[in-house]
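Visitor: One file: upload.tsv (TSV, C-alpha atoms).
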```
chain	number	residue	atom	x	y	z
A	1	SER	CA	18.35	17.24	9.87
A	2	LEU	CA	16.65	15.80	6.81
A	3	ARG	CA	13.36	17.41	7.79
A	4	GLN	CA	14.95	20.84	8.23
A	5	ASP	CA	16.92	20.60	4.99
A	6	HIS	CA	13.91	19.55	2.93
A	7	PRO	CA	10.77	21.03	4.55
A	8	PHE	CA	8.79	21.18	1.31
A	9	PHE	CA	9.57	17.54	0.57
A	10	PHE	CA	8.27	16.44	3.95
A	11	ARG	CA	5.10	18.52	3.61
A	12	CYS	CA	4.42	16.82	0.26
A	13	ILE	CA	5.00	13.37	1.73
A	14	THR	CA	2.67	14.16	4.65
A	15	PHE	CA	-0.03	15.30	2.24
A	16	MET	CA	0.32	12.13	0.15
A	17	PHE	CA	0.13	9.97	3.28
A	18	PHE	CA	-3.14	11.46	4.50
A	19	PHE	CA	-4.60	11.64	0.97
A	20	GLN	CA	-3.94	7.94	0.47
A	21	ILE	CA	-5.74	7.05	3.69
A	22	PHE	CA	-8.68	9.35	2.92
A	23	PHE	CA	-9.03	8.15	-0.66
A	24	GLY	CA	-8.86	4.49	0.34
A	25	PHE	CA	-11.47	4.79	3.05
A	26	LEU	CA	-13.77	6.96	0.94
A	27	PHE	CA	-13.94	4.68	-2.08
A	28	LEU	CA	-12.58	1.23	-1.43
A	29	ILE	CA	-12.70	0.05	2.21
A	30	ASN	CA	-14.56	-3.24	2.64
A	31	SER	CA	-15.37	-3.71	-1.02
A	32	PRO	CA	-17.17	-7.06	-1.31
A	33	VAL	CA	-15.13	-10.00	-2.52
A	34	ALA	CA	-17.04	-12.97	-3.84
A	35	ALA	CA	-17.26	-14.74	-7.16
A	36	ALA	CA	-16.89	-12.24	-10.02
A	37	THR	CA	-20.20	-10.48	-10.67
A	38	ASP	CA	-21.43	-7.93	-13.21
A	39	THR	CA	-23.86	-5.07	-12.81
A	40	PRO	CA	-26.96	-5.82	-14.96
A	41	PRO	CA	-26.80	-3.93	-18.30
A	42	GLY	CA	-28.76	-0.71	-18.30
A	43	SER	CA	-29.11	-0.51	-14.51
A	44	ASP	CA	-27.28	2.83	-14.47
A	45	PRO	CA	-26.33	4.58	-17.73
A	46	ARG	CA	-23.49	6.42	-15.98
A	47	VAL	CA	-21.71	3.16	-15.09
A	48	GLY	CA	-19.78	1.24	-17.73
A	49	TRP	CA	-19.32	-1.86	-15.59
A	50	VAL	CA	-18.96	-2.96	-11.96
A	51	LYS	CA	-17.25	-6.15	-10.89
A	52	SER	CA	-16.16	-7.78	-7.66
A	53	PHE	CA	-13.64	-10.53	-7.19
A	54	GLY	CA	-12.37	-12.83	-4.50
A	55	GLN	CA	-12.55	-16.25	-2.96
A	56	ASN	CA	-15.96	-16.31	-1.26
A	57	SER	CA	-14.63	-14.37	1.70
A	58	ASN	CA	-14.50	-10.81	3.05
A	59	GLY	CA	-11.74	-8.45	2.10
A	60	GLY	CA	-10.96	-4.90	1.05
A	61	THR	CA	-9.19	-2.85	-1.60
A	62	TYR	CA	-6.97	0.03	-0.54
A	63	SER	CA	-5.39	1.14	-3.81
A	64	ILE	CA	-6.27	0.99	-7.52
A	65	ILE	CA	-4.43	2.47	-10.50
A	66	ALA	CA	-4.82	2.62	-14.26
A	67	ALA	CA	-2.30	0.38	-15.98
A	68	SER	CA	-0.41	1.39	-19.12
A	69	ASP	CA	-2.21	-1.30	-21.17
A	70	GLY	CA	-5.60	0.32	-20.48
A	71	GLY	CA	-6.59	-2.06	-17.72
A	72	SER	CA	-6.23	-1.59	-13.99
A	73	VAL	CA	-4.48	-3.15	-11.02
A	74	ALA	CA	-5.60	-3.07	-7.39
A	75	SER	CA	-4.11	-4.09	-4.06
A	76	GLY	CA	-5.66	-4.82	-0.70
A	77	ASN	CA	-6.38	-7.87	1.40
A	78	ILE	CA	-8.47	-10.99	1.39
A	79	LYS	CA	-9.62	-12.78	4.52
A	80	SER	CA	-9.09	-16.44	3.70
A	81	PRO	CA	-9.10	-18.66	5.66
A	82	PRO	CA	-11.52	-16.97	8.11
A	83	GLY	CA	-9.72	-15.06	10.82
A	84	SER	CA	-6.66	-14.25	8.71
A	85	SER	CA	-5.93	-11.46	6.26
A	86	SER	CA	-3.52	-11.79	3.33
A	87	LEU	CA	-2.17	-9.48	0.65
A	88	TYR	CA	-4.26	-9.54	-2.54
A	89	VAL	CA	-3.35	-8.04	-5.94
A	90	ILE	CA	-5.56	-8.27	-9.03
A	91	LYS	CA	-4.94	-7.19	-12.65
A	92	THR	CA	-7.88	-6.59	-15.01
A	93	ASP	CA	-8.35	-5.65	-18.64
A	94	THR	CA	-10.16	-2.57	-19.97
A	95	ASN	CA	-13.55	-4.21	-19.34
A	96	GLY	CA	-12.78	-5.19	-15.79
A	97	ASN	CA	-12.20	-8.87	-16.55
A	98	LYS	CA	-9.55	-10.54	-14.42
A	99	ILE	CA	-6.25	-11.25	-16.17
A	100	TRP	CA	-4.45	-12.55	-13.09
A	101	ASP	CA	-4.46	-12.22	-9.33
A	102	TRP	CA	-1.95	-12.95	-6.61
A	103	THR	CA	-2.29	-13.85	-2.96
A	104	GLU	CA	-0.47	-15.94	-0.40
A	105	ALA	CA	-2.76	-17.83	1.96
A	106	GLY	CA	-1.82	-17.28	5.58
A	107	SER	CA	0.51	-14.36	4.81
A	108	PRO	CA	0.10	-11.60	7.43
A	109	TYR	CA	0.56	-8.67	5.01
A	110	GLU	CA	-1.87	-6.24	3.39
A	111	GLY	CA	-1.29	-4.03	0.34
A	112	TYR	CA	-2.02	-0.33	0.95
A	113	SER	CA	-0.57	1.23	-2.21
A	114	ILE	CA	0.58	-0.02	-5.62
A	115	ILE	CA	2.40	1.52	-8.59
A	116	GLU	CA	3.41	0.39	-12.07
A	117	THR	CA	7.13	0.21	-12.86
A	118	PRO	CA	8.86	1.03	-16.17
A	119	ASP	CA	9.15	-2.71	-17.00
A	120	LYS	CA	5.32	-2.99	-16.80
A	121	GLY	CA	5.54	-4.75	-13.46
A	122	TYR	CA	4.15	-3.54	-10.14
A	123	VAL	CA	5.41	-2.73	-6.66
A	124	VAL	CA	3.04	-2.90	-3.71
A	125	VAL	CA	3.71	-1.53	-0.23
A	126	GLY	CA	1.87	-2.51	2.91
A	127	SER	CA	2.25	-3.73	6.43
A	128	SER	CA	1.61	-6.74	8.56
A	129	ASN	CA	-1.73	-7.12	10.30
A	130	THR	CA	-0.21	-8.86	13.33
A	131	THR	CA	1.81	-7.38	16.18
A	132	ILE	CA	4.39	-10.15	15.84
A	133	THR	CA	5.52	-9.24	12.34
A	134	ASN	CA	4.56	-5.58	12.06
A	135	GLY	CA	6.75	-3.70	9.63
A	136	ILE	CA	6.87	-2.18	6.15
A	137	TYR	CA	6.51	-4.73	3.37
A	138	LEU	CA	7.46	-4.34	-0.30
A	139	ARG	CA	6.71	-6.85	-3.05
A	140	LYS	CA	7.68	-6.55	-6.72
A	141	LEU	CA	5.53	-8.41	-9.25
A	142	ASP	CA	6.36	-8.86	-12.93
A	143	PRO	CA	3.83	-8.08	-15.71
A	144	VAL	CA	2.14	-11.49	-15.28
A	145	GLY	CA	1.93	-11.38	-11.49
A	146	LYS	CA	4.98	-13.46	-10.54
A	147	THR	CA	7.09	-12.28	-7.60
A	148	THR	CA	10.45	-10.72	-8.51
A	149	TRP	CA	11.54	-9.73	-5.00
A	150	THR	CA	10.25	-8.91	-1.54
A	151	GLN	CA	11.62	-6.70	1.24
A	152	LEU	CA	10.60	-6.29	4.88
A	153	PHE	CA	11.71	-3.36	7.05
A	154	LYS	CA	11.39	-2.82	10.81
A	155	LYS	CA	9.97	-6.28	11.46
A	156	GLY	CA	8.33	-6.55	14.87
A	157	GLU	CA	7.95	-2.78	15.25
A	158	TYR	CA	4.93	-0.55	14.70
A	159	TYR	CA	5.92	0.79	11.29
A	160	PHE	CA	3.32	1.14	8.54
A	161	GLY	CA	3.84	1.78	4.82
A	162	ASN	CA	0.83	3.60	3.37
A	163	TYR	CA	1.93	5.16	0.07
A	164	ILE	CA	4.61	4.41	-2.53
A	165	SER	CA	5.94	6.40	-5.47
A	166	SER	CA	8.77	5.92	-7.94
A	167	THR	CA	11.79	8.24	-7.98
A	168	HIS	CA	13.85	9.65	-10.85
A	169	ASP	CA	16.77	7.31	-10.09
A	170	GLY	CA	14.65	4.19	-10.60
A	171	GLY	CA	14.08	3.56	-6.91
A	172	PHE	CA	11.05	4.03	-4.68
A	173	ILE	CA	9.96	6.20	-1.79
A	174	VAL	CA	7.47	5.09	0.84
A	175	ALA	CA	5.43	7.36	3.11
A	176	GLY	CA	4.02	5.89	6.28
A	177	ALA	CA	3.91	6.22	10.02
A	178	VAL	CA	5.39	4.78	13.18
A	179	LEU	CA	3.65	4.42	16.53
A	180	LYS	CA	5.87	5.15	19.51
A	181	ASN	CA	5.03	5.03	23.22
A	182	ASP	CA	6.58	7.24	25.88
A	183	THR	CA	6.52	7.27	29.68
A	184	SER	CA	3.76	9.92	29.86
A	185	SER	CA	1.11	7.45	28.61
A	186	LEU	CA	0.80	9.20	25.26
A	187	SER	CA	0.89	7.48	21.90
A	188	LEU	CA	2.99	9.32	19.35
A	189	TRP	CA	2.37	8.92	15.64
A	190	ASP	CA	5.45	10.03	13.74
A	191	GLY	CA	5.55	10.32	9.99
A	192	TYR	CA	8.08	8.03	8.36
A	193	THR	CA	9.71	8.02	4.93
A	194	LEU	CA	11.75	5.21	3.43
A	195	LYS	CA	13.86	5.53	0.25
A	196	THR	CA	14.96	2.38	-1.57
A	197	ASP	CA	16.84	1.51	-4.72
A	198	ALA	CA	15.28	-0.30	-7.70
A	199	GLU	CA	15.55	-3.65	-5.89
A	200	GLY	CA	13.83	-2.38	-2.75
A	201	ARG	CA	17.01	-2.08	-0.69
A	202	GLU	CA	16.99	0.68	1.92
A	203	GLN	CA	19.01	3.81	1.12
A	204	TRP	CA	17.80	6.25	3.77
A	205	THR	CA	14.92	6.97	6.15
A	206	GLY	CA	13.40	10.06	7.72
A	207	PHE	CA	11.03	10.93	10.57
A	208	PHE	CA	8.74	13.86	11.24
A	209	LYS	CA	6.05	14.46	13.85
A	210	ILE	CA	2.44	14.48	12.61
A	211	GLY	CA	0.29	14.09	15.71
A	212	ARG	CA	-0.24	13.11	19.30
A	213	ALA	CA	-3.26	11.34	20.80
A	214	HIS	CA	-4.22	10.37	24.35
A	215	VAL	CA	-4.46	6.68	25.06
```
Would you mind writing the file's structure down as structure tokens?

Guide:
Amino acid sequence: SLRQDHPFFFRCITFMFFFQIFFGFLFLINSPVAAATDTPPGSDPRVGWVKSFGQNSNGGTYSIIAASDGGSVASGNIKSPPGSSSLYVIKTDTNGNKIWDWTEAGSPYEGYSIIETPDKGYVVVGSSNTTITNGIYLRKLDPVGKTTWTQLFKKGEYYFGNYISSTHDGGFIVAGAVLKNDTSSLSLWDGYTLKTDAEGREQWTGFFKIGRAHV
């Protein structure tokens, strides 16, 4: 099997999966999203600047990376209108000022991990926040935040994409998890990997067991 043939690869993917969850919860869960605000100058000499962005609603950031132009890009969700949660991506300059942002009101997807691509664009991976459209979601944005392509895998099933990385062939690999139920009333969380080409088209997938919890 793929797991037996590449045990080190699967251990690395498992580590990345749990690290992404830990890092996101530790630093960025439920970051406030309101009108952009600045920390008053001199309030803390160790802090260069602090900003928050959004649309006067609650939301959260799960992933943030340094961009090649010296700025940063973050992905997460924004709850607007109230009761819904939509994918949110924001690009800032070196001083934390917004260059552009992207969201789709009413979309059921959230962005858990984002990377920069060689063409200075970005690919974000996430999942749906509803049981109707659960699945792994990929969106490619160009350098100015316009959508190049989107892909959805395992729609309607409990698959979650938590971490994405580029591969040497120009494609992408996603680490996530799948929730499966069996007849013994146990919920099984299996690790899941998805390999795609440069356009986000599936090339192969893999499974490995990472835990078992009583319901």

Visitor: Of the candidates A:Lys79, A:Lys195, A:Lys51, A:Lys91, which one gets nearest to Leu138 in chain A if we count only C-alpha atoms?

Guide: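 Among A:Lys79, A:Lys195, A:Lys51, A:Lys91, it is A:Lys195 that comes nearest to Leu138 in chain A.
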
Visitor: Suppose you want the space between CA of Val174 in chain A and CA of Gly191 in chain A; what is it in Å?

Guide: 10.7 Å

Visitor: Tell me which of A:Asn77, A:Thr148, A:Ser52, A:Ser63 sits closest to Ser107 in chain A, counting all atoms listed in the file.

Guide: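 Closest to Ser107 in chain A of all the choices is A:Asn77.
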
Visitor: Could you state the separation of CA of Phe172 in chain A and CA of Asp101 in chain A in Å, given to one decimal place?

Guide: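 Spanning CA of Phe172 in chain A to CA of Asp101 in chain A is a straight-line distance of 22.9 Å.
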
Visitor: Kindly indicate which residue among A:Ser113, A:Asn162, A:Thr103, A:Asn95 lies nearest to Gly135 in chain A, using all atoms listed in the file for the distances.

Guide: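 Of all the options, A:Asn162 lies closest to Gly135 in chain A.
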
Visitor: What separation in Å, quoted to one decimal, exists between CA of Thr193 in chain A and CA of Val89 in chain A?

Guide: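 Separating CA of Thr193 in chain A from CA of Val89 in chain A is a distance of 23.4 Å.
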
Visitor: Nearest to Glu116 in chain A: which of A:Ile78, A:Leu179, A:Ala198, A:Leu141 is it, counting all atoms listed in the file?

Guide: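 Using all atoms listed in the file, Glu116 in chain A sits closest to A:Leu141.
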
Visitor: Quick one: residues within 9 Å of Lys120 in chain A, only C-alpha atoms counted, chain neighbours fewer than 3 positions away excluded, as a PyMOL selection string?

Guide: chain A and resi 67-69+116-117+142-143

Visitor: Here's a test: counting all atoms listed in the file, identify every protein, DNA and RNA residue with an atom at most 10 Å from (0.1, -15.4, 0.0) in the file's coordinate frame, and state them as a ChimeraX atom specification.

Guide: /A:78,80,85-88,102-110
